[in-house]
file target.txt (compact mmCIF, C-alpha atoms and all ligand atoms)
# COMPACT_ATOMS: atom_id res chain seq x y z
CA MET K 1 -63.15 25.83 55.29
CA SER K 2 -65.72 25.39 52.49
CA GLU K 3 -65.09 23.03 49.61
CA GLN K 4 -64.92 26.01 47.25
CA ASN K 5 -62.19 27.59 49.35
CA ASP K 6 -60.30 24.28 49.32
CA HIS K 7 -60.40 24.42 45.52
CA LYS K 8 -59.26 28.04 45.44
CA ARG K 9 -56.34 27.16 47.66
CA ALA K 10 -55.46 24.09 45.56
CA ALA K 11 -55.35 26.20 42.37
CA ALA K 12 -53.18 28.84 44.05
CA GLU K 13 -50.80 26.23 45.47
CA LYS K 14 -50.38 24.68 42.03
CA ALA K 15 -49.38 28.11 40.69
CA LEU K 16 -46.69 28.37 43.38
CA GLU K 17 -44.86 25.55 41.55
CA LEU K 18 -44.12 28.06 38.76
CA VAL K 19 -42.22 30.43 41.05
CA ARG K 20 -38.44 30.58 40.70
CA ASP K 21 -35.76 32.39 42.67
CA GLY K 22 -35.21 35.99 41.53
CA MET K 23 -38.58 36.41 39.85
CA LEU K 24 -40.63 39.60 39.79
CA ILE K 25 -44.18 38.41 40.41
CA GLY K 26 -47.51 40.14 39.83
CA LEU K 27 -49.79 39.57 42.80
CA GLY K 28 -53.50 39.40 42.03
CA SER K 29 -56.44 40.45 44.20
CA GLY K 30 -59.28 38.48 45.72
CA SER K 31 -59.58 35.40 47.88
CA THR K 32 -57.94 32.94 45.43
CA ALA K 33 -55.00 35.24 44.68
CA ASN K 34 -54.61 35.82 48.42
CA TYR K 35 -53.84 32.12 48.89
CA PHE K 36 -51.06 32.52 46.33
CA THR K 37 -49.65 35.61 48.08
CA GLU K 38 -49.70 33.86 51.45
CA GLY K 39 -47.97 30.82 49.94
CA LEU K 40 -45.38 33.06 48.31
CA GLY K 41 -44.77 34.66 51.70
CA GLN K 42 -44.01 31.20 53.05
CA LEU K 43 -41.47 30.63 50.25
CA VAL K 44 -39.85 33.99 51.10
CA LYS K 45 -39.62 32.97 54.75
CA GLU K 46 -37.87 29.79 53.59
CA GLY K 47 -35.26 31.92 51.78
CA MET K 48 -36.59 32.44 48.26
CA LYS K 49 -35.71 35.85 46.79
CA VAL K 50 -38.66 37.29 44.89
CA ARG K 51 -40.35 40.69 44.65
CA GLY K 52 -44.05 41.37 44.10
CA VAL K 53 -46.06 43.89 42.10
CA PRO K 54 -49.44 44.19 43.88
CA THR K 55 -52.67 44.79 41.97
CA SER K 56 -54.43 46.57 44.85
CA ARG K 57 -53.77 48.26 48.17
CA ALA K 58 -55.27 45.25 49.93
CA THR K 59 -52.81 42.93 48.18
CA ALA K 60 -49.91 45.31 48.93
CA ASN K 61 -50.83 45.13 52.61
CA LEU K 62 -51.11 41.33 52.50
CA ALA K 63 -47.75 41.04 50.71
CA ALA K 64 -46.07 43.31 53.25
CA ALA K 65 -47.59 41.32 56.13
CA ASN K 66 -46.14 38.17 54.54
CA GLY K 67 -42.65 39.65 54.12
CA ILE K 68 -42.74 39.98 50.33
CA PRO K 69 -40.73 42.98 49.04
CA ILE K 70 -42.99 45.27 46.95
CA VAL K 71 -42.26 47.01 43.65
CA THR K 72 -44.65 49.68 42.33
CA GLU K 73 -42.55 51.20 39.53
CA LEU K 74 -41.62 48.97 36.67
CA ILE K 75 -38.75 48.93 34.21
CA GLY K 76 -39.04 45.92 31.93
CA GLN K 77 -41.50 43.10 32.43
CA ILE K 78 -42.99 41.11 35.28
CA ASP K 79 -41.93 37.44 35.03
CA LEU K 80 -45.20 35.92 36.16
CA THR K 81 -48.56 37.20 37.38
CA VAL K 82 -51.05 35.04 39.25
CA ASP K 83 -54.60 36.33 39.66
CA GLY K 84 -58.13 35.08 40.12
CA ALA K 85 -61.16 35.67 37.91
CA ASP K 86 -64.93 35.87 38.17
CA GLU K 87 -65.68 34.07 34.90
CA VAL K 88 -63.48 32.11 32.46
CA ASP K 89 -64.65 30.87 29.04
CA GLN K 90 -63.19 28.20 26.75
CA ALA K 91 -60.93 30.72 25.00
CA LEU K 92 -59.58 31.66 28.46
CA ASN K 93 -61.12 35.11 28.13
CA LEU K 94 -62.16 36.52 31.50
CA VAL K 95 -64.52 38.70 33.41
CA LYS K 96 -62.69 40.28 36.35
CA GLY K 97 -63.27 43.10 38.76
CA ARG K 98 -65.98 41.96 41.12
CA GLY K 99 -63.38 42.68 43.80
CA GLY K 100 -62.95 46.19 42.38
CA ALA K 101 -59.29 45.94 41.36
CA LEU K 102 -59.69 45.41 37.61
CA PHE K 103 -57.72 48.46 36.41
CA ARG K 104 -54.48 47.64 38.23
CA GLU K 105 -55.04 43.95 37.59
CA LYS K 106 -55.13 44.62 33.85
CA LEU K 107 -52.07 46.90 34.00
CA VAL K 108 -50.11 44.21 35.82
CA ALA K 109 -51.32 41.39 33.55
CA ALA K 110 -50.41 43.43 30.44
CA ALA K 111 -46.90 44.00 31.82
CA SER K 112 -46.31 40.29 32.43
CA LYS K 113 -44.45 37.67 30.42
CA ARG K 114 -46.92 35.06 31.72
CA PHE K 115 -50.42 35.63 33.10
CA ILE K 116 -51.69 32.69 35.15
CA VAL K 117 -55.34 32.59 36.23
CA VAL K 118 -56.27 30.56 39.30
CA ILE K 119 -59.91 29.62 39.87
CA ASP K 120 -62.21 27.08 41.42
CA GLU K 121 -64.41 25.24 38.94
CA SER K 122 -67.48 27.43 39.65
CA LYS K 123 -65.85 30.21 37.58
CA VAL K 124 -65.93 28.25 34.31
CA VAL K 125 -68.71 29.45 31.98
CA LYS K 126 -69.84 28.61 28.45
CA LYS K 127 -70.41 32.27 27.68
CA LEU K 128 -69.10 35.32 29.57
CA GLY K 129 -71.63 37.66 31.16
CA VAL K 130 -73.38 35.21 33.48
CA GLY K 131 -72.92 37.72 36.30
CA VAL K 132 -72.23 41.46 36.19
CA LEU K 133 -69.52 43.00 34.06
CA PRO K 134 -67.66 45.62 36.16
CA VAL K 135 -66.55 48.83 34.42
CA GLU K 136 -64.37 51.43 36.16
CA VAL K 137 -65.40 54.98 35.23
CA SER K 138 -64.31 58.47 36.17
CA GLY K 139 -66.51 59.97 38.89
CA PHE K 140 -66.53 63.26 36.95
CA LEU K 141 -69.77 63.45 34.89
CA TRP K 142 -70.25 59.74 35.57
CA ARG K 143 -73.94 59.88 34.62
CA THR K 144 -72.99 60.76 31.04
CA THR K 145 -70.68 57.73 30.98
CA ALA K 146 -73.45 55.58 32.47
CA HIS K 147 -75.75 56.80 29.70
CA ARG K 148 -73.23 55.63 27.07
CA LEU K 149 -72.80 52.29 28.81
CA ALA K 150 -76.55 51.81 28.98
CA SER K 151 -76.49 51.35 25.19
CA VAL K 152 -74.68 48.01 25.57
CA ALA K 153 -76.23 46.77 28.84
CA THR K 154 -79.63 45.55 29.93
CA SER K 155 -79.19 47.49 33.16
CA LEU K 156 -76.42 48.89 35.32
CA THR K 157 -75.85 49.88 38.93
CA VAL K 158 -73.35 52.05 40.76
CA ARG K 159 -71.38 49.73 43.02
CA GLY K 160 -72.14 50.60 46.63
CA GLY K 161 -75.11 52.76 45.59
CA GLU K 162 -75.25 56.42 44.61
CA GLU K 163 -75.31 57.64 48.23
CA ALA K 164 -72.05 55.99 49.27
CA PRO K 165 -70.42 54.60 46.12
CA TYR K 166 -67.51 52.20 46.23
CA ILE K 167 -64.33 54.12 45.34
CA THR K 168 -61.51 52.21 43.66
CA ASP K 169 -57.83 52.46 44.61
CA ASN K 170 -57.58 54.90 41.69
CA GLY K 171 -60.33 57.21 43.00
CA ASN K 172 -62.92 56.12 40.43
CA LEU K 173 -66.37 54.48 40.48
CA ILE K 174 -67.40 51.00 39.38
CA LEU K 175 -70.54 50.54 37.29
CA ASP K 176 -71.74 46.93 37.26
CA LEU K 177 -73.36 46.07 33.93
CA THR K 178 -75.93 43.31 33.53
CA LEU K 179 -76.25 41.76 30.07
CA ALA K 180 -79.34 39.59 30.19
CA GLU K 181 -78.37 37.39 27.24
CA GLY K 182 -74.72 37.15 28.24
CA ILE K 183 -71.88 38.38 26.01
CA ASP K 184 -72.01 36.99 22.46
CA ASN K 185 -68.85 38.65 21.16
CA ALA K 186 -66.53 39.49 24.05
CA PRO K 187 -63.64 40.93 21.94
CA ALA K 188 -66.05 43.29 20.14
CA LEU K 189 -67.67 44.41 23.39
CA ALA K 190 -64.23 44.94 24.95
CA ALA K 191 -63.23 47.21 22.07
CA GLU K 192 -66.52 49.11 22.25
CA LEU K 193 -66.20 49.70 26.00
CA LYS K 194 -62.57 50.78 25.67
CA ALA K 195 -63.55 53.43 23.12
CA MET K 196 -66.22 55.03 25.35
CA VAL K 197 -65.40 58.43 26.82
CA GLY K 198 -65.39 58.25 30.62
CA VAL K 199 -64.53 54.55 30.79
CA VAL K 200 -61.22 54.10 32.61
CA GLU K 201 -61.09 50.32 32.16
CA HIS K 202 -63.45 47.37 31.89
CA GLY K 203 -63.41 43.89 33.34
CA LEU K 204 -63.09 41.92 30.09
CA PHE K 205 -59.60 40.39 29.77
CA ILE K 206 -59.37 39.21 26.16
CA GLY K 207 -56.46 37.09 24.91
CA MET K 208 -54.37 37.83 28.00
CA THR K 209 -54.42 34.48 29.84
CA ASP K 210 -51.52 32.13 29.15
CA THR K 211 -52.54 29.41 31.57
CA CYS K 212 -55.60 28.74 33.70
CA ILE K 213 -55.40 26.50 36.75
CA VAL K 214 -58.90 25.33 37.61
CA ALA K 215 -59.45 23.25 40.73
CA GLY K 216 -62.38 20.99 41.57
CA PRO K 217 -62.91 17.74 43.49
CA ASP K 218 -60.35 15.94 41.27
CA GLY K 219 -57.59 18.45 42.07
CA PRO K 220 -56.07 21.21 39.95
CA LEU K 221 -56.19 21.00 36.17
CA VAL K 222 -53.72 23.09 34.17
CA VAL K 223 -55.14 24.46 30.93
CA GLY K 224 -52.85 26.29 28.49
CA ARG K 225 -54.11 28.67 25.81
CA GLN K 226 -51.25 27.72 23.47
CA SER K 227 -51.89 24.00 23.77
CA GLY K 228 -55.45 24.43 22.62
CA ALA K 229 -56.51 22.47 25.66
CA ALA K 230 -58.88 25.25 26.65
CA ALA K 231 -61.62 23.29 24.97
CA SER K 232 -61.49 20.87 27.87
CA LEU K 233 -62.77 23.53 30.25
C1 LIG E 1 -60.82 41.39 41.78
C2 LIG E 1 -60.90 40.22 40.88
C3 LIG E 1 -60.80 38.86 41.50
O1 LIG E 1 -59.72 38.20 40.94
C4 LIG E 1 -62.06 38.12 41.22
O2 LIG E 1 -63.14 38.88 41.75
C5 LIG E 1 -62.05 36.72 41.85
O3 LIG E 1 -62.08 36.81 43.24
P1 LIG E 1 -62.11 35.53 44.17
O4 LIG E 1 -60.81 34.82 43.97
O5 LIG E 1 -62.26 36.10 45.57
O6 LIG E 1 -63.29 34.69 43.78
O7 LIG E 1 -61.03 40.33 39.68
O8 LIG E 1 -60.97 42.59 41.08

call {"tool": "encode", "arguments": {"input": "target.txt", "output": "structure tokens"}}
result
Amino acid sequence: MSEQNDHKRAAAEKALELVRDGMLIGLGSGSTANYFTEGLGQLVKEGMKVRGVPTSRATANLAAANGIPIVTELIGQIDLTVDGADEVDQALNLVKGRGGALFREKLVAAASKRFIVVIDESKVVKKLGVGVLPVEVSGFLWRTTAHRLASVATSLTVRGGEEAPYITDNGNLILDLTLAEGIDNAPALAAELKAMVGVVEHGLFIGMTDTCIVAGPDGPLVVGRQSGAAASL
């Protein structure tokens, strides 16, 4: 296993310490979140009673394979959600969605009492927008939406290409935006994207993270938004 995968696993295993019997748990998508789901499956095998709300079909399949009971309709709140991220800044704002699950990931995070982000140290950035910013758009008249999005991006591409585009679990497309100078004001860009006709959801998660667990060679470091310790990232 690569060193980066070791770090992903270490962050996910640290998050497992937050799990308590009877919890309803949001299950993120991607390789780091998968370590959490597999670990949770182990706890279930050992007798812990929890249920999971998956953020993608892939995660639902993984949860089922690991014996975790699944909930897809929600009354009330999720106790705890654990998910990965593509980029995390010092305010614990995120870019997510390079795995294509950003819409459900945001729905689940927004329905959670606590949103825990698990990453390896390569995901920490000074300024968001180092890599692409994924935006989920309706396939209907998508070129008109792309034209609107072009006003805020240096360039954009249809994920998978126009011939055989990637289709999300919700039947939509992903447009990957490149912002050559990075994102100077992530909350403002998030609001602008949200207001654009044709945009279903975007990959900026602003003010949603309660705790980030970032793992590197020295082990997992727990950074809380409330404690103001985010500056140590
Ligand atoms: C999927 C996501 C993932 O959480 C993100 O891409 C991180 O993935 P990984 O843990 O595999 O690096 O947002 O939509």

call {"tool": "closest_atom_pairs", "arguments": {"input": "target.txt", "of": "stretch 148-211 of chain K", "to": "stretch 52-62 of chain K", "cutoff": "12 Å", "atoms": "all atoms listed in the file", "output": "tab-separated table"}}
result
residue	atom	partner	partner_atom	distance
K:Thr168	CA	K:Ser56	CA	9.1
K:Asp169	CA	K:Ser56	CA	6.8
K:Asn170	CA	K:Ser56	CA	9.4

call {"tool": "closest_atom_pairs", "arguments": {"input": "target.txt", "of": "stretch 143-217 of chain K", "to": "stretch 73-84 of chain K", "cutoff": "12 Å", "atoms": "only C-alpha atoms", "output": "Markdown table"}}
result
| residue | atom | partner | partner_atom | distance |
| --- | --- | --- | --- | --- |
| K:Phe205 | CA | K:Gly84 | CA | 11.7 |
| K:Met208 | CA | K:Thr81 | CA | 11.1 |
| K:Thr209 | CA | K:Thr81 | CA | 9.9 |
| K:Asp210 | CA | K:Thr81 | CA | 10.1 |
| K:Thr211 | CA | K:Val82 | CA | 9.6 |
| K:Cys212 | CA | K:Gly84 | CA | 9.4 |
| K:Ile213 | CA | K:Gly84 | CA | 9.6 |
| K:Val214 | CA | K:Gly84 | CA | 10.1 |
| K:Ala215 | CA | K:Gly84 | CA | 11.9 |

call {"tool": "residues_near_ligand", "arguments": {"input": "target.txt", "ligand": "ligand LIG 1 (chain E)", "cutoff": "9 Å", "atoms": "all atoms listed in the file", "output": "PyMOL selection string"}}
result
chain K and resi 8+28-35+55-56+83-87+95-105+117-120+123+134+203

call {"tool": "atom_distance", "arguments": {"input": "target.txt", "atom1": "atom CA of K:Leu141", "atom2": "atom CA of K:His202"}}
result
17.5 Å

call {"tool": "residues_near_point", "arguments": {"input": "target.txt", "point": "(-56.6, 53.5, 31.5)", "cutoff": "9 Å", "atoms": "all atoms listed in the file", "output": "list in words"}}
result
Phe103, Leu107, Lys194, Val199, Val200 and Glu201 of chain K

call {"tool": "atom_distance", "arguments": {"input": "target.txt", "atom1": "atom CA of K:His147", "atom2": "atom CA of K:Ala195"}}
result
14.3 Å

call {"tool": "atom_distance", "arguments": {"input": "target.txt", "atom1": "atom CA of K:Leu94", "atom2": "atom CA of K:Asn185"}}
result
12.5 Å

call {"tool": "residues_near_point", "arguments": {"input": "target.txt", "point": "(-74.3, 44.1, 37.0)", "cutoff": "8 Å", "atoms": "all atoms listed in the file", "output": "PDB file with C-alpha atoms, in the frame of the given file"}}
result
ATOM      1  CA  GLY K 131     -72.920  37.720  36.300  1.00  0.00           C
ATOM      2  CA  VAL K 132     -72.230  41.460  36.190  1.00  0.00           C
ATOM      3  CA  LEU K 133     -69.520  43.000  34.060  1.00  0.00           C
ATOM      4  CA  PRO K 134     -67.660  45.620  36.160  1.00  0.00           C
ATOM      5  CA  SER K 155     -79.190  47.490  33.160  1.00  0.00           C
ATOM      6  CA  LEU K 156     -76.420  48.890  35.320  1.00  0.00           C
ATOM      7  CA  THR K 157     -75.850  49.880  38.930  1.00  0.00           C
ATOM      8  CA  LEU K 175     -70.540  50.540  37.290  1.00  0.00           C
ATOM      9  CA  ASP K 176     -71.740  46.930  37.260  1.00  0.00           C
ATOM     10  CA  LEU K 177     -73.360  46.070  33.930  1.00  0.00           C
ATOM     11  CA  THR K 178     -75.930  43.310  33.530  1.00  0.00           C
ATOM     12  CA  LEU K 179     -76.250  41.760  30.070  1.00  0.00           C
TER      13      LEU K 179
END

call {"tool": "decode", "arguments": {"input": "target.txt", "residues": "stretch 79-97 of chain K", "atoms": "N, CA and C atoms", "output": "compact mmCIF listing (two decimals), in the first residue's frame"}}
result
# COMPACT_ATOMS: atom_id res chain seq x y z
N ASP K 79 -26.44 11.71 12.81
CA ASP K 79 -25.60 12.04 13.97
C ASP K 79 -24.22 12.53 13.55
N LEU K 80 -23.65 11.85 12.56
CA LEU K 80 -22.25 12.06 12.22
C LEU K 80 -22.04 11.66 10.77
N THR K 81 -21.39 12.52 9.99
CA THR K 81 -21.01 12.12 8.63
C THR K 81 -19.51 12.20 8.50
N VAL K 82 -18.93 11.19 7.86
CA VAL K 82 -17.48 11.15 7.63
C VAL K 82 -17.25 11.04 6.12
N ASP K 83 -16.53 12.01 5.59
CA ASP K 83 -16.31 12.03 4.13
C ASP K 83 -14.90 12.56 3.83
N GLY K 84 -14.43 12.27 2.66
CA GLY K 84 -13.14 12.78 2.21
C GLY K 84 -13.29 14.14 1.55
N ALA K 85 -12.21 14.64 0.99
CA ALA K 85 -12.23 15.91 0.27
C ALA K 85 -11.06 15.94 -0.71
N ASP K 86 -11.20 16.81 -1.70
CA ASP K 86 -10.10 16.97 -2.67
C ASP K 86 -9.15 18.08 -2.26
N GLU K 87 -9.70 19.14 -1.66
CA GLU K 87 -8.88 20.25 -1.16
C GLU K 87 -9.52 20.77 0.13
N VAL K 88 -8.67 21.14 1.09
CA VAL K 88 -9.13 21.72 2.36
C VAL K 88 -8.27 22.95 2.65
N ASP K 89 -8.92 24.10 2.92
CA ASP K 89 -8.13 25.30 3.26
C ASP K 89 -8.13 25.54 4.77
N GLN K 90 -7.52 26.63 5.20
CA GLN K 90 -7.36 26.86 6.64
C GLN K 90 -8.68 27.14 7.36
N ALA K 91 -9.69 27.58 6.62
CA ALA K 91 -11.01 27.81 7.22
C ALA K 91 -11.84 26.52 7.23
N LEU K 92 -11.22 25.42 6.79
CA LEU K 92 -11.87 24.12 6.63
C LEU K 92 -12.99 24.17 5.58
N ASN K 93 -12.87 25.11 4.63
CA ASN K 93 -13.71 25.06 3.44
C ASN K 93 -13.11 24.04 2.48
N LEU K 94 -13.97 23.46 1.65
CA LEU K 94 -13.54 22.30 0.85
C LEU K 94 -13.85 22.47 -0.63
N VAL K 95 -13.05 21.77 -1.44
CA VAL K 95 -13.48 21.38 -2.78
C VAL K 95 -13.72 19.88 -2.72
N LYS K 96 -14.90 19.46 -3.19
CA LYS K 96 -15.23 18.04 -3.28
C LYS K 96 -15.82 17.74 -4.65
N GLY K 97 -15.91 16.45 -4.93
CA GLY K 97 -16.62 16.05 -6.15
C GLY K 97 -15.77 15.48 -7.25
